[in-house]
Structure formats: structure tokens, C-alpha cells
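Colleague: I am sharing work-v7.pdb, which consists of PDB, C-alpha atoms and all ligand atoms:
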MODEL        1
ATOM      1  CA  MET A   1      -1.002  29.877 -13.945
ATOM      2  CA  ALA A   2      -1.362  26.116 -14.197
ATOM      3  CA  ARG A   3      -4.256  24.663 -12.201
ATOM      4  CA  THR A   4      -3.720  21.783  -9.795
ATOM      5  CA  ALA A   5      -6.005  18.769 -10.151
ATOM      6  CA  LEU A   6      -6.617  15.757  -7.934
ATOM      7  CA  VAL A   7      -8.132  12.617  -9.470
ATOM      8  CA  THR A   8      -9.131   9.819  -7.101
ATOM      9  CA  GLY A   9      -8.713   6.357  -8.552
ATOM     10  CA  GLY A  10      -6.661   8.206 -11.126
ATOM     11  CA  SER A  11      -4.110   5.592 -12.153
ATOM     12  CA  ARG A  12      -6.404   3.035 -13.820
ATOM     13  CA  GLY A  13      -9.508   2.856 -15.995
ATOM     14  CA  ILE A  14     -11.541   6.018 -16.550
ATOM     15  CA  GLY A  15      -9.484   7.792 -13.863
ATOM     16  CA  ALA A  16      -6.213   7.235 -15.732
ATOM     17  CA  ALA A  17      -7.698   8.732 -18.896
ATOM     18  CA  ILE A  18      -8.919  11.726 -16.854
ATOM     19  CA  SER A  19      -5.489  12.270 -15.250
ATOM     20  CA  LYS A  20      -3.842  12.225 -18.672
ATOM     21  CA  ALA A  21      -6.425  14.548 -20.240
ATOM     22  CA  LEU A  22      -6.026  17.109 -17.450
ATOM     23  CA  LYS A  23      -2.253  16.945 -17.776
ATOM     24  CA  ALA A  24      -2.626  17.524 -21.526
ATOM     25  CA  GLU A  25      -4.676  20.637 -20.667
ATOM     26  CA  GLY A  26      -1.692  21.969 -18.726
ATOM     27  CA  CYS A  27      -2.760  21.040 -15.169
ATOM     28  CA  ASN A  28      -0.439  19.775 -12.477
ATOM     29  CA  VAL A  29      -2.102  16.439 -11.698
ATOM     30  CA  ALA A  30      -2.009  14.166  -8.658
ATOM     31  CA  ALA A  31      -3.705  10.787  -8.965
ATOM     32  CA  THR A  32      -4.709   8.617  -6.017
ATOM     33  CA  TYR A  33      -4.918   4.854  -5.892
ATOM     34  CA  ALA A  34      -6.055   2.420  -3.229
ATOM     35  CA  GLY A  35      -3.862  -0.646  -3.445
ATOM     36  CA  ASN A  36      -2.251  -1.564  -6.751
ATOM     37  CA  ASP A  37       1.318  -0.252  -6.204
ATOM     38  CA  GLU A  38       2.623  -1.870  -9.371
ATOM     39  CA  ALA A  39       0.002  -0.274 -11.648
ATOM     40  CA  ALA A  40       0.534   3.102  -9.967
ATOM     41  CA  ALA A  41       4.338   2.970 -10.353
ATOM     42  CA  LYS A  42       3.953   2.024 -14.032
ATOM     43  CA  PHE A  43       1.456   4.846 -14.537
ATOM     44  CA  THR A  44       3.816   7.425 -12.985
ATOM     45  CA  GLU A  45       6.721   6.126 -15.042
ATOM     46  CA  GLU A  46       4.747   6.315 -18.282
ATOM     47  CA  THR A  47       2.974   9.632 -17.727
ATOM     48  CA  GLY A  48       5.056  11.605 -15.225
ATOM     49  CA  ILE A  49       1.878  12.025 -13.140
ATOM     50  CA  ALA A  50       2.467  11.784  -9.368
ATOM     51  CA  THR A  51       0.501   9.059  -7.581
ATOM     52  CA  TYR A  52      -0.522   8.983  -3.921
ATOM     53  CA  LYS A  53      -1.880   5.997  -2.026
ATOM     54  CA  TRP A  54      -4.811   6.317   0.350
ATOM     55  CA  ASN A  55      -8.203   4.817   1.044
ATOM     56  CA  VAL A  56     -10.936   7.301   0.095
ATOM     57  CA  ALA A  57     -13.296   5.521   2.494
ATOM     58  CA  ASP A  58     -11.208   6.818   5.439
ATOM     59  CA  TYR A  59     -11.650  10.527   6.280
ATOM     60  CA  ASP A  60      -8.416  10.987   8.221
ATOM     61  CA  GLU A  61      -6.340   9.240   5.545
ATOM     62  CA  SER A  62      -7.964  11.356   2.833
ATOM     63  CA  LYS A  63      -7.373  14.591   4.742
ATOM     64  CA  ALA A  64      -3.721  13.752   5.423
ATOM     65  CA  GLY A  65      -3.209  12.696   1.787
ATOM     66  CA  ILE A  66      -4.767  15.892   0.484
ATOM     67  CA  GLU A  67      -2.553  18.002   2.783
ATOM     68  CA  LYS A  68       0.492  16.182   1.359
ATOM     69  CA  VAL A  69      -0.650  16.778  -2.244
ATOM     70  CA  GLU A  70      -1.293  20.460  -1.542
ATOM     71  CA  ALA A  71       2.163  20.830   0.017
ATOM     72  CA  GLU A  72       3.934  18.986  -2.813
ATOM     73  CA  VAL A  73       1.889  19.835  -5.928
ATOM     74  CA  GLY A  74      -0.123  22.910  -4.979
ATOM     75  CA  PRO A  75      -3.514  24.052  -3.672
ATOM     76  CA  ILE A  76      -6.166  21.943  -5.404
ATOM     77  CA  ASP A  77      -8.326  23.839  -7.921
ATOM     78  CA  ILE A  78      -9.954  20.829  -9.585
ATOM     79  CA  VAL A  79     -11.082  17.672  -7.833
ATOM     80  CA  VAL A  80     -12.389  14.668  -9.713
ATOM     81  CA  ALA A  81     -14.071  12.159  -7.382
ATOM     82  CA  ASN A  82     -13.765   9.090  -9.540
ATOM     83  CA  ALA A  83     -12.707   6.249  -7.222
ATOM     84  CA  GLY A  84     -15.329   3.542  -7.089
ATOM     85  CA  ILE A  85     -15.881  -0.170  -6.609
ATOM     86  CA  THR A  86     -18.579  -2.727  -7.345
ATOM     87  CA  ARG A  87     -19.769  -5.587  -5.138
ATOM     88  CA  ASP A  88     -22.619  -6.812  -7.303
ATOM     89  CA  ALA A  89     -25.196  -9.268  -5.965
ATOM     90  CA  PRO A  90     -28.947  -9.665  -6.290
ATOM     91  CA  PHE A  91     -30.539  -7.940  -3.286
ATOM     92  CA  HIS A  92     -31.612 -11.166  -1.596
ATOM     93  CA  LYS A  93     -27.981 -12.305  -1.611
ATOM     94  CA  MET A  94     -26.306  -8.974  -0.823
ATOM     95  CA  THR A  95     -24.453  -9.000   2.498
ATOM     96  CA  PRO A  96     -24.253  -6.010   4.854
ATOM     97  CA  GLU A  97     -20.499  -6.066   4.158
ATOM     98  CA  GLN A  98     -21.042  -5.679   0.398
ATOM     99  CA  TRP A  99     -23.510  -2.867   1.075
ATOM    100  CA  HIS A 100     -21.181  -0.953   3.405
ATOM    101  CA  GLN A 101     -18.017  -1.419   1.317
ATOM    102  CA  VAL A 102     -19.679   0.228  -1.673
ATOM    103  CA  ILE A 103     -21.365   3.009   0.330
ATOM    104  CA  ASP A 104     -18.142   3.789   2.221
ATOM    105  CA  THR A 105     -15.976   3.942  -0.904
ATOM    106  CA  ASN A 106     -18.270   5.384  -3.564
ATOM    107  CA  LEU A 107     -20.461   7.747  -1.544
ATOM    108  CA  THR A 108     -18.725   8.611   1.716
ATOM    109  CA  GLY A 109     -15.531   8.626  -0.360
ATOM    110  CA  VAL A 110     -16.861  11.659  -2.241
ATOM    111  CA  PHE A 111     -17.446  13.496   1.054
ATOM    112  CA  ASN A 112     -13.995  12.486   2.320
ATOM    113  CA  THR A 113     -12.371  13.754  -0.880
ATOM    114  CA  VAL A 114     -14.180  17.039  -1.412
ATOM    115  CA  HIS A 115     -14.672  18.158   2.205
ATOM    116  CA  PRO A 116     -10.978  18.816   3.034
ATOM    117  CA  ILE A 117     -10.491  20.674  -0.288
ATOM    118  CA  TRP A 118     -13.660  22.807  -0.146
ATOM    119  CA  PRO A 119     -12.515  25.533   2.339
ATOM    120  CA  GLY A 120      -9.455  26.359   0.194
ATOM    121  CA  MET A 121     -11.604  26.611  -2.925
ATOM    122  CA  ARG A 122     -13.965  28.989  -1.086
ATOM    123  CA  GLU A 123     -11.061  31.150   0.055
ATOM    124  CA  ARG A 124      -9.460  31.287  -3.391
ATOM    125  CA  LYS A 125     -12.847  31.883  -5.079
ATOM    126  CA  PHE A 126     -12.315  29.175  -7.658
ATOM    127  CA  GLY A 127     -13.047  25.482  -7.784
ATOM    128  CA  ARG A 128     -14.171  22.635  -9.987
ATOM    129  CA  VAL A 129     -15.769  19.596  -8.373
ATOM    130  CA  ILE A 130     -16.497  16.795 -10.824
ATOM    131  CA  VAL A 131     -18.037  13.578  -9.585
ATOM    132  CA  ILE A 132     -18.058  10.452 -11.730
ATOM    133  CA  SER A 133     -21.503   8.955 -11.236
ATOM    134  CA  SER A 134     -22.989   6.285 -13.536
ATOM    135  CA  ILE A 135     -25.863   5.430 -15.837
ATOM    136  CA  ASN A 136     -26.792   2.931 -13.136
ATOM    137  CA  GLY A 137     -27.399   5.765 -10.671
ATOM    138  CA  GLN A 138     -29.943   7.114 -13.149
ATOM    139  CA  LYS A 139     -31.740   3.927 -14.138
ATOM    140  CA  GLY A 140     -30.843   1.372 -11.444
ATOM    141  CA  GLN A 141     -29.320  -2.002 -12.297
ATOM    142  CA  PHE A 142     -30.067  -5.616 -11.452
ATOM    143  CA  ALA A 143     -27.618  -6.715  -8.713
ATOM    144  CA  GLN A 144     -26.478  -3.155  -7.951
ATOM    145  CA  THR A 145     -28.746  -1.752  -5.218
ATOM    146  CA  ASN A 146     -25.597  -0.672  -3.358
ATOM    147  CA  TYR A 147     -23.767   0.829  -6.353
ATOM    148  CA  ALA A 148     -26.884   2.497  -7.826
ATOM    149  CA  ALA A 149     -27.647   4.084  -4.443
ATOM    150  CA  THR A 150     -24.184   5.654  -4.329
ATOM    151  CA  LYS A 151     -24.293   6.873  -7.907
ATOM    152  CA  ALA A 152     -27.756   8.411  -7.429
ATOM    153  CA  GLY A 153     -26.375   9.968  -4.229
ATOM    154  CA  ASP A 154     -23.615  11.627  -6.253
ATOM    155  CA  LEU A 155     -26.260  13.597  -8.142
ATOM    156  CA  GLY A 156     -27.700  14.941  -4.896
ATOM    157  CA  ILE A 157     -24.218  15.900  -3.711
ATOM    158  CA  VAL A 158     -23.359  17.958  -6.806
ATOM    159  CA  LYS A 159     -26.749  19.671  -6.956
ATOM    160  CA  SER A 160     -26.331  20.776  -3.342
ATOM    161  CA  LEU A 161     -22.662  21.754  -3.660
ATOM    162  CA  ALA A 162     -23.482  23.749  -6.806
ATOM    163  CA  GLN A 163     -25.840  25.944  -4.792
ATOM    164  CA  GLU A 164     -23.344  26.351  -1.955
ATOM    165  CA  GLY A 165     -20.354  27.098  -4.195
ATOM    166  CA  ALA A 166     -21.846  29.247  -6.962
ATOM    167  CA  ARG A 167     -21.080  32.614  -5.357
ATOM    168  CA  ALA A 168     -17.563  31.512  -4.478
ATOM    169  CA  GLY A 169     -16.682  30.685  -8.095
ATOM    170  CA  ILE A 170     -16.950  26.942  -7.496
ATOM    171  CA  THR A 171     -18.899  24.626  -9.784
ATOM    172  CA  ALA A 172     -19.945  21.043  -9.034
ATOM    173  CA  ASN A 173     -21.108  18.707 -11.766
ATOM    174  CA  ALA A 174     -21.584  14.994 -12.342
ATOM    175  CA  ILE A 175     -20.863  12.827 -15.330
ATOM    176  CA  CYS A 176     -22.853   9.627 -15.769
ATOM    177  CA  PRO A 177     -20.820   7.286 -17.948
ATOM    178  CA  GLY A 178     -22.610   4.383 -19.524
ATOM    179  CA  TYR A 179     -20.772   1.099 -19.969
ATOM    180  CA  ILE A 180     -17.116   1.929 -20.685
ATOM    181  CA  ALA A 181     -14.374  -0.492 -21.748
ATOM    182  CA  THR A 182     -12.573  -0.780 -18.396
ATOM    183  CA  GLU A 183     -11.581  -3.637 -16.092
ATOM    184  CA  MET A 184     -14.761  -3.015 -14.062
ATOM    185  CA  VAL A 185     -17.025  -3.732 -17.019
ATOM    186  CA  MET A 186     -14.800  -6.551 -18.296
ATOM    187  CA  ALA A 187     -15.323  -8.232 -14.898
ATOM    188  CA  VAL A 188     -19.049  -8.644 -15.695
ATOM    189  CA  PRO A 189     -19.713 -12.207 -16.914
ATOM    190  CA  GLU A 190     -19.246 -12.302 -20.701
ATOM    191  CA  LYS A 191     -22.811 -13.387 -21.483
ATOM    192  CA  VAL A 192     -24.232 -10.562 -19.367
ATOM    193  CA  ARG A 193     -21.823  -8.058 -20.945
ATOM    194  CA  GLU A 194     -22.827  -9.091 -24.459
ATOM    195  CA  SER A 195     -26.485  -8.623 -23.558
ATOM    196  CA  ILE A 196     -25.687  -5.150 -22.139
ATOM    197  CA  ILE A 197     -23.870  -4.150 -25.347
ATOM    198  CA  GLY A 198     -27.000  -5.255 -27.210
ATOM    199  CA  GLN A 199     -28.938  -2.594 -25.259
ATOM    200  CA  ILE A 200     -26.586   0.242 -26.337
ATOM    201  CA  PRO A 201     -27.849   1.920 -29.521
ATOM    202  CA  ALA A 202     -24.268   2.944 -30.363
ATOM    203  CA  GLY A 203     -23.515  -0.778 -30.562
ATOM    204  CA  ARG A 204     -20.324  -0.564 -28.522
ATOM    205  CA  LEU A 205     -18.820   0.187 -25.135
ATOM    206  CA  GLY A 206     -17.580   3.720 -24.548
ATOM    207  CA  GLU A 207     -13.875   4.571 -24.345
ATOM    208  CA  PRO A 208     -12.353   6.066 -21.155
ATOM    209  CA  GLU A 209     -11.103   9.015 -23.228
ATOM    210  CA  GLU A 210     -14.699   9.902 -24.141
ATOM    211  CA  ILE A 211     -15.396  10.510 -20.453
ATOM    212  CA  ALA A 212     -12.059  12.249 -19.908
ATOM    213  CA  ARG A 213     -12.879  14.840 -22.578
ATOM    214  CA  CYS A 214     -16.114  15.746 -20.738
ATOM    215  CA  VAL A 215     -14.111  16.160 -17.533
ATOM    216  CA  ALA A 216     -11.526  18.377 -19.249
ATOM    217  CA  PHE A 217     -14.293  20.704 -20.416
ATOM    218  CA  LEU A 218     -16.025  20.848 -17.018
ATOM    219  CA  ALA A 219     -12.635  21.498 -15.390
ATOM    220  CA  SER A 220     -11.843  24.423 -17.680
ATOM    221  CA  ASP A 221     -12.345  28.107 -16.912
ATOM    222  CA  ASP A 222     -14.864  28.194 -19.817
ATOM    223  CA  SER A 223     -17.465  26.086 -18.005
ATOM    224  CA  GLN A 224     -18.275  28.530 -15.172
ATOM    225  CA  PHE A 225     -22.037  28.716 -15.839
ATOM    226  CA  ILE A 226     -22.451  24.927 -15.982
ATOM    227  CA  ASN A 227     -23.167  24.157 -12.366
ATOM    228  CA  GLY A 228     -25.164  21.343 -10.754
ATOM    229  CA  SER A 229     -25.487  19.521 -14.074
ATOM    230  CA  THR A 230     -25.500  15.860 -14.909
ATOM    231  CA  ILE A 231     -23.880  14.980 -18.227
ATOM    232  CA  SER A 232     -24.777  11.564 -19.618
ATOM    233  CA  ALA A 233     -22.299   9.812 -21.897
ATOM    234  CA  ASN A 234     -23.805   6.427 -22.654
ATOM    235  CA  GLY A 235     -24.188   5.863 -26.393
ATOM    236  CA  ALA A 236     -27.971   6.585 -26.172
ATOM    237  CA  GLN A 237     -28.599   3.680 -23.768
ATOM    238  CA  PHE A 238     -30.650   5.793 -21.365
ATOM    239  CA  PHE A 239     -32.103   9.306 -21.256
ATOM    240  CA  ALA A 240     -32.463  10.752 -17.765
TER     241      ALA A 240
HETATM  242  N1  LIG A 301     -32.152  -8.598 -15.442
HETATM  243  C1  LIG A 301     -32.999  -9.573 -15.086
HETATM  244  N2  LIG A 301     -32.603 -10.761 -14.599
HETATM  245  C2  LIG A 301     -31.278 -10.957 -14.482
HETATM  246  C3  LIG A 301     -30.339  -9.981 -14.827
HETATM  247  C4  LIG A 301     -30.821  -8.765 -15.338
HETATM  248  N3  LIG A 301     -29.991  -7.768 -15.704
HETATM  249  N4  LIG A 301     -29.105 -10.459 -14.581
HETATM  250  C5  LIG A 301     -29.262 -11.708 -14.096
HETATM  251  N5  LIG A 301     -30.583 -12.011 -14.055
HETATM  252  C6  LIG A 301     -31.184 -13.241 -13.604
HETATM  253  C7  LIG A 301     -30.434 -14.454 -14.117
HETATM  254  O1  LIG A 301     -30.915 -14.813 -15.384
HETATM  255  C8  LIG A 301     -30.761 -15.486 -13.070
HETATM  256  O2  LIG A 301     -32.078 -15.953 -13.247
HETATM  257  P1  LIG A 301     -32.464 -17.492 -12.974
HETATM  258  O3  LIG A 301     -32.226 -17.692 -11.515
HETATM  259  O4  LIG A 301     -33.893 -17.556 -13.374
HETATM  260  O5  LIG A 301     -31.557 -18.286 -13.851
HETATM  261  C9  LIG A 301     -30.738 -14.615 -11.804
HETATM  262  O6  LIG A 301     -31.078 -13.296 -12.191
HETATM  263  C10 LIG A 301     -29.302 -14.493 -11.253
HETATM  264  O7  LIG A 301     -29.241 -15.387 -10.335
HETATM  265  P2  LIG A 301     -27.857 -15.947  -9.795
HETATM  266  O8  LIG A 301     -28.164 -16.537  -8.475
HETATM  267  O9  LIG A 301     -27.182 -16.804 -10.814
HETATM  268  O10 LIG A 301     -27.010 -14.625  -9.638
HETATM  269  P3  LIG A 301     -25.618 -14.497  -8.974
HETATM  270  O11 LIG A 301     -25.751 -14.448  -7.504
HETATM  271  O12 LIG A 301     -24.665 -15.497  -9.535
HETATM  272  O13 LIG A 301     -25.216 -13.057  -9.463
HETATM  273  C11 LIG A 301     -24.685 -11.365 -11.036
HETATM  274  C12 LIG A 301     -24.846 -12.848 -10.785
HETATM  275  C13 LIG A 301     -23.819 -10.701  -9.961
HETATM  276  C14 LIG A 301     -26.034 -10.688 -11.051
HETATM  277  C15 LIG A 301     -23.997 -11.272 -12.411
HETATM  278  O14 LIG A 301     -24.922 -11.687 -13.385
HETATM  279  C16 LIG A 301     -23.543  -9.867 -12.771
HETATM  280  O15 LIG A 301     -22.449  -9.477 -12.419
HETATM  281  N6  LIG A 301     -24.360  -9.129 -13.495
HETATM  282  C17 LIG A 301     -23.953  -7.788 -14.007
HETATM  283  C18 LIG A 301     -24.439  -6.686 -13.123
HETATM  284  C19 LIG A 301     -24.003  -5.413 -13.768
HETATM  285  O16 LIG A 301     -24.456  -5.018 -14.829
HETATM  286  N7  LIG A 301     -23.064  -4.708 -13.148
HETATM  287  C20 LIG A 301     -22.527  -3.514 -13.733
HETATM  288  C21 LIG A 301     -21.046  -3.558 -13.552
HETATM  289  S1  LIG A 301     -20.234  -2.314 -14.506
HETATM  290  C22 LIG A 301     -20.461  -0.913 -13.640
HETATM  291  O17 LIG A 301     -21.022  -0.886 -12.589
HETATM  292  C23 LIG A 301     -19.922   0.349 -14.251
HETATM  293  C24 LIG A 301     -20.981   1.307 -14.516
HETATM  294  O18 LIG A 301     -21.104   2.295 -13.800
HETATM  295  C25 LIG A 301     -21.875   1.131 -15.673
ENDMDL
END
Go ahead and render the structure in this file as C-alpha cells.

Modeller:
Amino acid sequence: MARTALVTGGSRGIGAAISKALKAEGCNVAATYAGNDEAAAKFTEETGIATYKWNVADYDESKAGIEKVEAEVGPIDIVVANAGITRDAPFHKMTPEQWHQVIDTNLTGVFNTVHPIWPGMRERKFGRVIVISSINGQKGQFAQTNYAATKAGDLGIVKSLAQEGARAGITANAICPGYIATEMVMAVPEKVRESIIGQIPAGRLGEPEEIARCVAFLASDDSQFINGSTISANGAQFFA
């Protein structure tokens, strides 16, 4: 029977590639988005993938959204916590607002997304939790104390969930993408971006599809014994 997958932030960037890859694997996919109605409508029109709007930083909104997806698409077997934002600033300039926005969305957002789905996965004795972390959670990054803290936190979440879910047939893994050709990376000032590309031995940015293929494997029934892992996909920029 086809699996049901939920991808947060699944209508743009890496998330859009993940939604499409899971659909290509035969999953029924629901993709969430936070605000860009136009992009989401275009995505649904082009791919046939249903989109749902909620703020992952809000627990009640997430829970209600997930209940709607489960009623309309099916009980969620695969959850990809991908939604994330940046509010980059050197630490001495970072405001409490920038700190909290990133923590609430990127870190608490993972709790808000997985927590309402977890009991159903335990009951059905199957689940795939895949969290999109980052190279910058592994190595830190100038101007990203907030973002790096959340992405390092993701690794602690999956290692803990892996231990809790293993006997219930649930796996939890993280992927740490390096710098991928998405709007988020294109928003980095050009000079800085060029210098970052210079630090990537592969000599290029990654493609969203290269991350999506890792997700498709981790989401498959074949990956059962891979649990609590961190997969780096960064063109040899950093070895954890
Ligand atoms: N390492 C060391 N020094 C750095 C630096 C770095 N990586 N980046 C900037 N600096 C230096 C600058 O040269 C400058 O030094 P001077 O004052 O001596 O000239 C100083 O730090 C920056 O000072 P500013 O006051 O000009 O900085 P700003 O307040 O304007 O902030 C910035 C600029 C936000 C840091 C901007 O440079 C930036 O966006 N940098 C990119 C940060 C980054 O890599 N973000 C990753 C986004 S992609 C992503 O997050 C996806 C993923 O998972 C990989």
C-alpha cells in the first residue's frame, strides 16, 4: 500500500525536490508552506501534490494541520521536517527576535511537526522521521549562532528519537546538506557566496535533487537498520 508522507516547507527549495521525489517513489505526499500562497498554488498545479498552510513554529496550528492531512490524505508514515529559516547576523548584532524566530521555526518546529505524528507511528509499528539539518550544525558558521544551534539540535533530536522508536519500527535520521542552490543560499551576498563555493572541493553548489534522493532512500522500507544516523551531503566541504 502507498505510504503517506508529510514534508514541511515542501513547496519550495530542497523541500519541493523532496516532495517530488517521494511522489515519484509512489507515496501520497502532503507539503506544507508558511506564507507564499502563489508559489504553493503553482507547485500544486504543476505536481499534483497537495499543499497545506500552517506555521510550524505554532504547536496548535501544526497539530490541527496534521489532523487535517491525516483525514484527507491518510495516516502519516513518513515525516520530513525540512522547514527552516535564516536570520543571519554576527553575534554582537543578533537581536533576541532573530534568535527566537530561528529557534521557534527550525528547532521547536521539529518538535511541533513530529510530536503529533509520533503516537500513530508507534501504534502502526512503522515510521520514518527525517530531519533536514545542515553542514552549519556540524561546523558552525560565522553569523549563524542561532541557525547552527538549531541544526546541531536536530542531531540530538534524531539520536534520541531513534532510541525511542527502534522497537516500534520507527527510524529517525538527519541529513546535513552543504550549500545547495536554493533561494536561501542565493540570498547570501554574492561575494560571500563565491568565497563559500571556493571552500567546496566539488567546486559547485549541490542540487536540491541530490538531497531528495537521500531522503527517498531513508524513507524507504529498505532503510530499517539505518537509525539515528547523520548523512552529510556537502561536496567534501566538511567531514563530521
Ligand atoms: N568569516 C570571517 N569573517 C567574516 C565572515 C566569515 N565567514 N563573513 C564576514 N566576515 C567579516 C567581514 O569581512 C566583516 O569584517 P570587517 O568588519 O573587518 O570588514 C565582518 O565580518 C562583517 O561585518 P558586517 O558588520 O559588515 O556584517 P553584517 O552585519 O553586514 O553581516 C553577514 C553580514 C550577515 C555576516 C553576511 O556577510 C552574510 O550573510 N554572510 C553569510 C552567512 C552564511 O554563510 N549564511 C549561510 C546561509 S545559507 C544556509 O544557512 C543554508 C545552509 O544550511 C548551508

Colleague: Go through range 161-191 of chain A and flag each residue having an atom no more than 12 Å from range 227-237 of chain A; for those, report the closest pair of atoms plus their distance in Å to one decimal, using only C-alpha atoms, ordered by chain and rising number, as a tab-separated table.

Modeller:
residue	atom	partner	partner_atom	distance
A:Leu161	CA	A:Gly228	CA	7.5
A:Ala162	CA	A:Gly228	CA	4.9
A:Gln163	CA	A:Gly228	CA	7.6
A:Glu164	CA	A:Gly228	CA	10.3
A:Gly165	CA	A:Asn227	CA	9.1
A:Ala166	CA	A:Asn227	CA	7.5
A:Arg167	CA	A:Asn227	CA	11.2
A:Gly169	CA	A:Asn227	CA	10.1
A:Ile170	CA	A:Asn227	CA	8.4
A:Thr171	CA	A:Asn227	CA	5.0
A:Ala172	CA	A:Gly228	CA	5.5
A:Asn173	CA	A:Gly228	CA	4.9
A:Ala174	CA	A:Thr230	CA	4.8
A:Ile175	CA	A:Ile231	CA	4.7
A:Cys176	CA	A:Ser232	CA	4.7
A:Pro177	CA	A:Ala233	CA	4.9
A:Gly178	CA	A:Asn234	CA	3.9
A:Tyr179	CA	A:Asn234	CA	6.7
A:Ile180	CA	A:Asn234	CA	8.3
A:Ala181	CA	A:Asn234	CA	11.7

Colleague: When the cut-off is 9 Å and you count only C-alpha atoms and all ligand atoms, which residues lie near ligand LIG 301 (chain A), shown as a PyMOL selection string?

Modeller: chain A and resi 84-90+92-94+132-137+141-144+147-148+151+176-180+182-189+191-193+195-196+234

Colleague: Figure out the distance between CA of Gly127 in chain A and CA of Ala24 in chain A, please, to one decimal in Å.

Modeller: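 One can read the CA of Ala24 in chain A to CA of Gly127 in chain A distance as 19.0 Å.
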
Colleague: So which one's closest to Val131 in chain A, A:Ala16, A:Val69, A:Ala34, A:Val114? Using all atoms listed in the file, please.

Modeller: A:Val114

Colleague: Starting from the shown file, work through the PyMOL selection byres (((chain A and resi 102) around 9) and not hetatm) and note down what comes out as a VMD selection string.

Modeller: chain A and resid 84 to 87 97 to 101 103 to 107 146 to 147 150

Colleague: Determine the residue membership of the PyMOL selection byres (((chain A and resi 37) around 12) and not hetatm) for the file above and supply it as a list in words.

Modeller: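 Selected by the PyMOL selection byres (((chain A and resi 37) around 12) and not hetatm) in this file: Ser11, Arg12, Thr32, Tyr33, Ala34, Gly35, Asn36, Glu38, Ala39, Ala40, Ala41, Lys42, Phe43, Thr44, Thr51, Tyr52, Lys53 and Trp54 of chain A.
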
Colleague: Restricting the calculation to all atoms listed in the file: of A:Gly198, A:Pro208, A:Gly9, A:Gly109, which residue gets closest to Glu61 in chain A?

Modeller: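 Comparing A:Gly198, A:Pro208, A:Gly9, A:Gly109 against Glu61 in chain A, the winner is A:Gly109.
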
Colleague: As an exercise, work out the distance from CA of Arg3 in chain A to CA of Val29 in chain A in Å and give it to one decimal place.

Modeller: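 Result for CA of Arg3 in chain A versus CA of Val29 in chain A: 8.5 Å, one decimal.
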
Colleague: I'd like to see the residues matched by the PyMOL selection byres (((chain A and resi 72) around 12) and not hetatm) on this file, and ideally I'd get them as a ChimeraX atom specification.

Modeller: /A:4,28-30,50-52,65-71,73-76

Colleague: Take the selection from the previous step and output its residues with C-alpha atoms, as a PDB file, keeping the file's coordinate frame.

Modeller:
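As written to disk, selection-v9.pdb reads:
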ATOM      1  CA  THR A   4      -3.720  21.783  -9.795  1.00  0.00           C
ATOM      2  CA  ASN A  28      -0.439  19.775 -12.477  1.00  0.00           C
ATOM      3  CA  VAL A  29      -2.102  16.439 -11.698  1.00  0.00           C
ATOM      4  CA  ALA A  30      -2.009  14.166  -8.658  1.00  0.00           C
ATOM      5  CA  ALA A  50       2.467  11.784  -9.368  1.00  0.00           C
ATOM      6  CA  THR A  51       0.501   9.059  -7.581  1.00  0.00           C
ATOM      7  CA  TYR A  52      -0.522   8.983  -3.921  1.00  0.00           C
ATOM      8  CA  GLY A  65      -3.209  12.696   1.787  1.00  0.00           C
ATOM      9  CA  ILE A  66      -4.767  15.892   0.484  1.00  0.00           C
ATOM     10  CA  GLU A  67      -2.553  18.002   2.783  1.00  0.00           C
ATOM     11  CA  LYS A  68       0.492  16.182   1.359  1.00  0.00           C
ATOM     12  CA  VAL A  69      -0.650  16.778  -2.244  1.00  0.00           C
ATOM     13  CA  GLU A  70      -1.293  20.460  -1.542  1.00  0.00           C
ATOM     14  CA  ALA A  71       2.163  20.830   0.017  1.00  0.00           C
ATOM     15  CA  VAL A  73       1.889  19.835  -5.928  1.00  0.00           C
ATOM     16  CA  GLY A  74      -0.123  22.910  -4.979  1.00  0.00           C
ATOM     17  CA  PRO A  75      -3.514  24.052  -3.672  1.00  0.00           C
ATOM     18  CA  ILE A  76      -6.166  21.943  -5.404  1.00  0.00           C
TER      19      ILE A  76
END

Colleague: In Å, how far is it from CA of Ile14 in chain A to CA of Glu210 in chain A?

Modeller: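 Atom-to-atom, CA of Ile14 in chain A to CA of Glu210 in chain A, that is 9.1 Å.
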